[in-house]
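The structure appears below as C-alpha cells.
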Amino acid sequence: MTDEEAMPEERRWLLRNGRNVIIDMLAKREPVMALGVRAARTVDIVKVAKATGHHLIWIDLEHSTMSIDLCAQICSASLDAEIVPFVRVPEREYGVIGRLLDGGAVGIMAARIESPEQATDLARACKFQPQGLRSQIIGLPLFNLRRVPSPHHNRLANKVTVFMPLIESEAGCRNIEEIAAADGVDLIGSGSNDFTSELGELGNYKHPTLVAGYTAAIKACKKHGKDFSVGGIGDMAQNKQWIEAGGATLLYSAMDSEFFRDALQTQVKNVLASWR
C-alpha cells in the first residue's frame, strides 16, 4: 500500500503529486485564493469561502481573540469543504501548534521569524517523527478521524502539513538564505506592515530595504525549491509586480473584518444617497 492509498478517500484531494495541494498549485504557478479570518465566529465563514471560490483560509490568531477551540472547528469544517486551513499563530508560540494541528489545521504561519534556528524549532513542532517532534496522536480531523496504518500516518501528515515562517524584519531578510534552507520549511511569507513599521515607514511598500529584502527572499526560496509569498500589501498592482518578479501566486482576497467594514460602509452610503 502506498501513502496515497492509505489516505482516506475523502481527504485525497489534500494531496497532489505527493505534497499539499496548495504547495503543488504554487509550484505550478496556479492562482491560490486565500481568505483571512479574524472576525468570524461560526463555521459559516467556510461556506462563504467555498461559495466565493477560495482555495485556502488562514485564521489570524495573532491579531484576534478567537479561541483555539473555535479555530479548530473552523479548520475541521474547512477540510470537509475541501478548503485548506492555515492558522497564523502568535510570535513563536510553540505550545499551541500541536493543538491546532490536532484540531484540524494543516498549515502553520509563524510570525516574525528571524533565524534558521527559530524556523527549525517551529518546523519540528509541526512535523511528526522522523522529521520533527510533534506528539503522536491518532484520529486526526486531517484523516476524517479515521485510523491510518503505521507508518503511513506520520508520512502522510508530514506531506500535507505546511510550515510557513513569516519574514517581517531586516534580520529575517539578512538570514533568508539559511531560513529557506531549513529542514521542514515548506513555504515562506512576509509581513509587510510590520516590516515597514520597523523601518519607520509604515505603509511604504516601495522602501528600498523592503524591496531589496524581498528580492533576495524570492531568489533564496527559488534556490531551495520553495516559494516566497508577499503579504500585507493592499495594492493589487504592487502585488502583481511581486508575482511577476517570481513571488508566489498566493492571492490574498481580503481579511473578513476589513471586508465587512468596507462593504457595510458602501451600503450605508448607498442607503443615505437613496434617502436624500
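Within each chain, counting starts at residue 1; across the C-alpha cells, chains are named A, B, ... in the order shown, with ligands numbered 1 upward in that order.
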Can you write out as a tab-separated table which residues of region 56-139 of chain A fall within 7 Å of region 35-49 of chain A, alongside each residue's closest atom pair and its distance in Å to one decimal, counting only C-alpha atoms and ordering rows by chain and ascending residue number?
```
residue	atom	partner	partner_atom	distance
A:Leu56	CA	A:Leu35	CA	6.5
A:Ile57	CA	A:Leu35	CA	4.7
A:Trp58	CA	A:Gly36	CA	5.0
A:Ile59	CA	A:Val37	CA	4.6
A:Asp60	CA	A:Arg38	CA	5.5
A:Ser64	CA	A:Arg38	CA	5.7
A:Ile74	CA	A:Val43	CA	5.1
A:Ala77	CA	A:Val43	CA	6.5
A:Ser78	CA	A:Val46	CA	5.8
```
message: Set the distance at 10 Å and use only C-alpha atoms: which residues neighbour Cys221 (chain A) once local chain neighbours fewer than 4 positions away are removed? I'd like the list as a list of chain:residue names.
response: A:Ile176, A:Glu177, A:Glu178, A:Ile179, A:Ala180, A:Ala181, A:Asp186, A:Leu187, A:Ile188, A:Ala216, A:Ala217, A:Gly225, A:Lys226, A:Asp227, A:Phe228, A:Ser229, A:Gly246, A:Gly247
message: At a cut-off of 12 Å, using only C-alpha atoms, what residues contact Leu145 (chain A)? Leave out same-chain residues fewer than 5 positions from it and give the result as a PyMOL selection string.
response: chain A and resi 7-8+10-11+76+79-80+102-104+137-140+153
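Scanning region 236-274 of chain A with DSSP on the backbone, the strand (DSSP E) assignments fall on Leu250, Leu251, Tyr252, Ser253, Ala254 and Met255 of chain A.
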message: Can you tell me which residues surround region 12-20 of chain A at a distance of at most 12 Å, considering only C-alpha atoms, apart from same-chain residues fewer than 5 positions away, and format the answer as a VMD selection string?
response: chain A and resid 2 to 7 25 to 28 55 to 56 78 to 86 106 to 107 142 to 144 155 to 163 186 to 187
query: Which is closest to Asp256 (chain A) among A:Leu166, A:Gln73, A:Ala34, A:Val148, if we use only C-alpha atoms?
result: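 Ranking A:Leu166, A:Gln73, A:Ala34, A:Val148 by distance to Asp256 (chain A), first place goes to A:Ala34.
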Write out as a PDB file with C-alpha atoms, in the first residue's frame all residues of region 121-266 of chain A that DSSP puts in alpha helix (DSSP H) for this structure's backbone.
```pdb
ATOM      1  CA  ASP A 121      12.434  24.772  16.089  1.00  0.00           C
ATOM      2  CA  LEU A 122       8.901  25.570  14.944  1.00  0.00           C
ATOM      3  CA  ALA A 123       9.091  23.271  11.912  1.00  0.00           C
ATOM      4  CA  ARG A 124       9.863  20.384  14.243  1.00  0.00           C
ATOM      5  CA  ALA A 125       6.742  21.240  16.251  1.00  0.00           C
ATOM      6  CA  CYS A 126       4.707  20.867  13.046  1.00  0.00           C
ATOM      7  CA  HIS A 152       1.723   5.810   6.586  1.00  0.00           C
ATOM      8  CA  HIS A 153       0.205   8.015   9.296  1.00  0.00           C
ATOM      9  CA  ASN A 154       3.292  10.117  10.009  1.00  0.00           C
ATOM     10  CA  ARG A 155       4.481  10.308   6.418  1.00  0.00           C
ATOM     11  CA  LEU A 156       1.070  11.434   5.162  1.00  0.00           C
ATOM     12  CA  ALA A 157       0.629  14.027   7.896  1.00  0.00           C
ATOM     13  CA  ASN A 158       4.108  15.405   7.222  1.00  0.00           C
ATOM     14  CA  LYS A 159       3.439  15.603   3.479  1.00  0.00           C
ATOM     15  CA  VAL A 160       0.201  17.510   3.987  1.00  0.00           C
ATOM     16  CA  GLU A 170      15.544  43.251   8.356  1.00  0.00           C
ATOM     17  CA  ALA A 171      17.032  40.479  10.487  1.00  0.00           C
ATOM     18  CA  GLY A 172      14.769  37.930   8.798  1.00  0.00           C
ATOM     19  CA  CYS A 173      15.834  39.162   5.366  1.00  0.00           C
ATOM     20  CA  ARG A 174      19.509  39.013   6.316  1.00  0.00           C
ATOM     21  CA  ILE A 176      16.713  34.414   4.460  1.00  0.00           C
ATOM     22  CA  GLU A 177      19.171  32.067   2.744  1.00  0.00           C
ATOM     23  CA  GLU A 178      19.542  29.924   5.873  1.00  0.00           C
ATOM     24  CA  ILE A 179      15.822  30.131   6.711  1.00  0.00           C
ATOM     25  CA  ALA A 180      14.854  28.988   3.211  1.00  0.00           C
ATOM     26  CA  ALA A 181      17.280  26.078   3.512  1.00  0.00           C
ATOM     27  CA  SER A 192       4.908  43.947   5.018  1.00  0.00           C
ATOM     28  CA  ASN A 193       3.173  46.151   7.566  1.00  0.00           C
ATOM     29  CA  ASP A 194       5.367  45.005  10.451  1.00  0.00           C
ATOM     30  CA  PHE A 195       8.402  45.349   8.203  1.00  0.00           C
ATOM     31  CA  THR A 196       7.622  48.912   7.135  1.00  0.00           C
ATOM     32  CA  SER A 197       6.707  49.828  10.705  1.00  0.00           C
ATOM     33  CA  GLU A 198      10.107  48.645  11.906  1.00  0.00           C
ATOM     34  CA  PRO A 208      14.488  50.258  -0.736  1.00  0.00           C
ATOM     35  CA  THR A 209      15.226  47.998   2.247  1.00  0.00           C
ATOM     36  CA  LEU A 210      11.963  46.130   1.817  1.00  0.00           C
ATOM     37  CA  VAL A 211      12.397  45.815  -1.941  1.00  0.00           C
ATOM     38  CA  ALA A 212      15.949  44.533  -1.569  1.00  0.00           C
ATOM     39  CA  GLY A 213      14.907  42.124   1.172  1.00  0.00           C
ATOM     40  CA  TYR A 214      12.000  40.643  -0.758  1.00  0.00           C
ATOM     41  CA  THR A 215      14.064  40.374  -3.933  1.00  0.00           C
ATOM     42  CA  ALA A 216      16.701  38.416  -2.019  1.00  0.00           C
ATOM     43  CA  ALA A 217      13.987  36.262  -0.426  1.00  0.00           C
ATOM     44  CA  ILE A 218      12.499  35.282  -3.779  1.00  0.00           C
ATOM     45  CA  LYS A 219      15.950  34.348  -5.057  1.00  0.00           C
ATOM     46  CA  ALA A 220      16.803  32.316  -1.943  1.00  0.00           C
ATOM     47  CA  CYS A 221      13.495  30.484  -1.947  1.00  0.00           C
ATOM     48  CA  LYS A 222      13.773  29.571  -5.615  1.00  0.00           C
ATOM     49  CA  LYS A 223      17.274  28.248  -4.965  1.00  0.00           C
ATOM     50  CA  MET A 236      -3.089  44.861  -6.324  1.00  0.00           C
ATOM     51  CA  ALA A 237      -0.701  46.430  -8.826  1.00  0.00           C
ATOM     52  CA  GLN A 238       2.232  46.080  -6.413  1.00  0.00           C
ATOM     53  CA  ASN A 239       1.224  42.509  -5.628  1.00  0.00           C
ATOM     54  CA  LYS A 240       1.179  41.708  -9.328  1.00  0.00           C
ATOM     55  CA  GLN A 241       4.675  43.174  -9.711  1.00  0.00           C
ATOM     56  CA  TRP A 242       5.998  40.882  -6.972  1.00  0.00           C
ATOM     57  CA  ILE A 243       4.341  37.859  -8.566  1.00  0.00           C
ATOM     58  CA  GLU A 244       5.845  38.765 -11.931  1.00  0.00           C
ATOM     59  CA  ASP A 256     -13.020  39.290   6.762  1.00  0.00           C
ATOM     60  CA  SER A 257     -13.149  42.101   9.350  1.00  0.00           C
ATOM     61  CA  GLU A 258     -11.904  44.707   6.871  1.00  0.00           C
ATOM     62  CA  PHE A 259     -14.139  43.444   4.094  1.00  0.00           C
ATOM     63  CA  PHE A 260     -17.229  43.551   6.320  1.00  0.00           C
ATOM     64  CA  ARG A 261     -16.390  47.131   7.326  1.00  0.00           C
ATOM     65  CA  ASP A 262     -15.790  48.327   3.771  1.00  0.00           C
ATOM     66  CA  ALA A 263     -18.841  46.568   2.344  1.00  0.00           C
ATOM     67  CA  LEU A 264     -21.076  47.928   5.110  1.00  0.00           C
ATOM     68  CA  GLN A 265     -19.683  51.438   4.661  1.00  0.00           C
ATOM     69  CA  THR A 266     -20.529  51.279   0.968  1.00  0.00           C
TER      70      THR A 266
END
```
List the spatial neighbours of Arg92 (chain A) as an mmCIF file with N, CA and C atoms, in the first residue's frame - criterion: any atom at most 12 Å away, only C-alpha atoms, same-chain residues fewer than 2 positions off excluded.
```
data_model
loop_
_atom_site.group_PDB
_atom_site.id
_atom_site.type_symbol
_atom_site.label_atom_id
_atom_site.label_comp_id
_atom_site.auth_asym_id
_atom_site.auth_seq_id
_atom_site.Cartn_x
_atom_site.Cartn_y
_atom_site.Cartn_z
ATOM 1 N N GLU A 62 -2.972 35.667 15.737
ATOM 2 C CA GLU A 62 -2.045 36.673 16.246
ATOM 3 C C GLU A 62 -2.769 37.973 16.574
ATOM 4 N N ARG A 88 -2.389 31.459 11.500
ATOM 5 C CA ARG A 88 -1.241 32.277 11.905
ATOM 6 C C ARG A 88 -1.229 32.350 13.430
ATOM 7 N N VAL A 89 -0.162 31.817 14.002
ATOM 8 C CA VAL A 89 -0.046 31.788 15.457
ATOM 9 C C VAL A 89 0.707 33.023 15.942
ATOM 10 N N PRO A 90 0.542 33.386 17.216
ATOM 11 C CA PRO A 90 1.325 34.489 17.775
ATOM 12 C C PRO A 90 2.823 34.198 17.660
ATOM 13 N N TYR A 94 5.119 28.185 20.426
ATOM 14 C CA TYR A 94 5.401 26.772 20.192
ATOM 15 C C TYR A 94 4.297 25.868 20.728
ATOM 16 N N GLY A 95 3.835 26.137 21.934
ATOM 17 C CA GLY A 95 2.934 25.219 22.612
ATOM 18 C C GLY A 95 1.581 25.046 21.961
ATOM 19 N N VAL A 96 1.099 26.047 21.226
ATOM 20 C CA VAL A 96 -0.240 25.985 20.657
ATOM 21 C C VAL A 96 -0.258 25.236 19.328
ATOM 22 N N ILE A 97 0.892 25.059 18.706
ATOM 23 C CA ILE A 97 0.937 24.498 17.353
ATOM 24 C C ILE A 97 0.357 23.096 17.296
ATOM 25 N N ILE A 108 0.666 26.025 9.324
ATOM 26 C CA ILE A 108 1.003 26.929 10.424
ATOM 27 C C ILE A 108 1.839 28.073 9.873
ATOM 28 N N MET A 109 1.355 29.291 10.089
ATOM 29 C CA MET A 109 2.076 30.502 9.718
ATOM 30 C C MET A 109 2.657 31.087 11.003
ATOM 31 N N ALA A 110 3.960 31.203 11.066
ATOM 32 C CA ALA A 110 4.626 31.665 12.291
ATOM 33 C C ALA A 110 5.171 33.069 12.090
ATOM 34 N N ALA A 111 4.729 33.991 12.935
ATOM 35 C CA ALA A 111 5.084 35.401 12.787
ATOM 36 C C ALA A 111 6.528 35.678 13.195
ATOM 37 N N ARG A 112 7.115 36.649 12.515
ATOM 38 C CA ARG A 112 8.412 37.243 12.852
ATOM 39 C C ARG A 112 9.512 36.205 13.096
ATOM 40 N N ILE A 113 9.789 35.424 12.094
ATOM 41 C CA ILE A 113 10.916 34.502 12.151
ATOM 42 C C ILE A 113 12.155 35.237 11.643
ATOM 43 N N GLU A 114 13.236 35.157 12.427
ATOM 44 C CA GLU A 114 14.427 35.941 12.095
ATOM 45 C C GLU A 114 15.702 35.108 11.989
ATOM 46 N N SER A 115 15.618 33.821 12.262
ATOM 47 C CA SER A 115 16.825 32.989 12.213
ATOM 48 C C SER A 115 16.456 31.574 11.795
ATOM 49 N N GLU A 117 17.431 28.952 13.246
ATOM 50 C CA GLU A 117 17.179 28.195 14.470
ATOM 51 C C GLU A 117 15.708 28.303 14.877
ATOM 52 N N GLN A 118 15.151 29.512 14.796
ATOM 53 C CA GLN A 118 13.733 29.689 15.111
ATOM 54 C C GLN A 118 12.864 28.907 14.133
ATOM 55 N N ALA A 119 13.206 28.983 12.856
ATOM 56 C CA ALA A 119 12.427 28.275 11.840
ATOM 57 C C ALA A 119 12.471 26.770 12.062
ATOM 58 N N THR A 120 13.648 26.248 12.343
ATOM 59 C CA THR A 120 13.800 24.807 12.551
ATOM 60 C C THR A 120 13.041 24.343 13.779
ATOM 61 N N ASP A 121 13.108 25.127 14.846
ATOM 62 C CA ASP A 121 12.434 24.772 16.089
ATOM 63 C C ASP A 121 10.932 24.638 15.872
ATOM 64 N N LEU A 122 10.339 25.600 15.168
ATOM 65 C CA LEU A 122 8.901 25.570 14.944
ATOM 66 C C LEU A 122 8.512 24.523 13.908
ATOM 67 N N ALA A 123 9.371 24.311 12.906
ATOM 68 C CA ALA A 123 9.091 23.271 11.912
ATOM 69 C C ALA A 123 9.012 21.906 12.578
ATOM 70 N N ALA A 125 8.013 21.320 15.524
ATOM 71 C CA ALA A 125 6.742 21.240 16.251
ATOM 72 C C ALA A 125 5.586 20.866 15.321
ATOM 73 N N MET A 164 4.990 27.581 7.431
ATOM 74 C CA MET A 164 5.222 28.820 6.683
ATOM 75 C C MET A 164 5.716 29.917 7.629
ATOM 76 N N PRO A 165 7.030 30.071 7.763
ATOM 77 C CA PRO A 165 7.542 31.188 8.562
ATOM 78 C C PRO A 165 7.313 32.508 7.839
ATOM 79 N N LEU A 166 7.087 33.556 8.618
ATOM 80 C CA LEU A 166 6.865 34.889 8.058
ATOM 81 C C LEU A 166 8.076 35.774 8.333
#
```
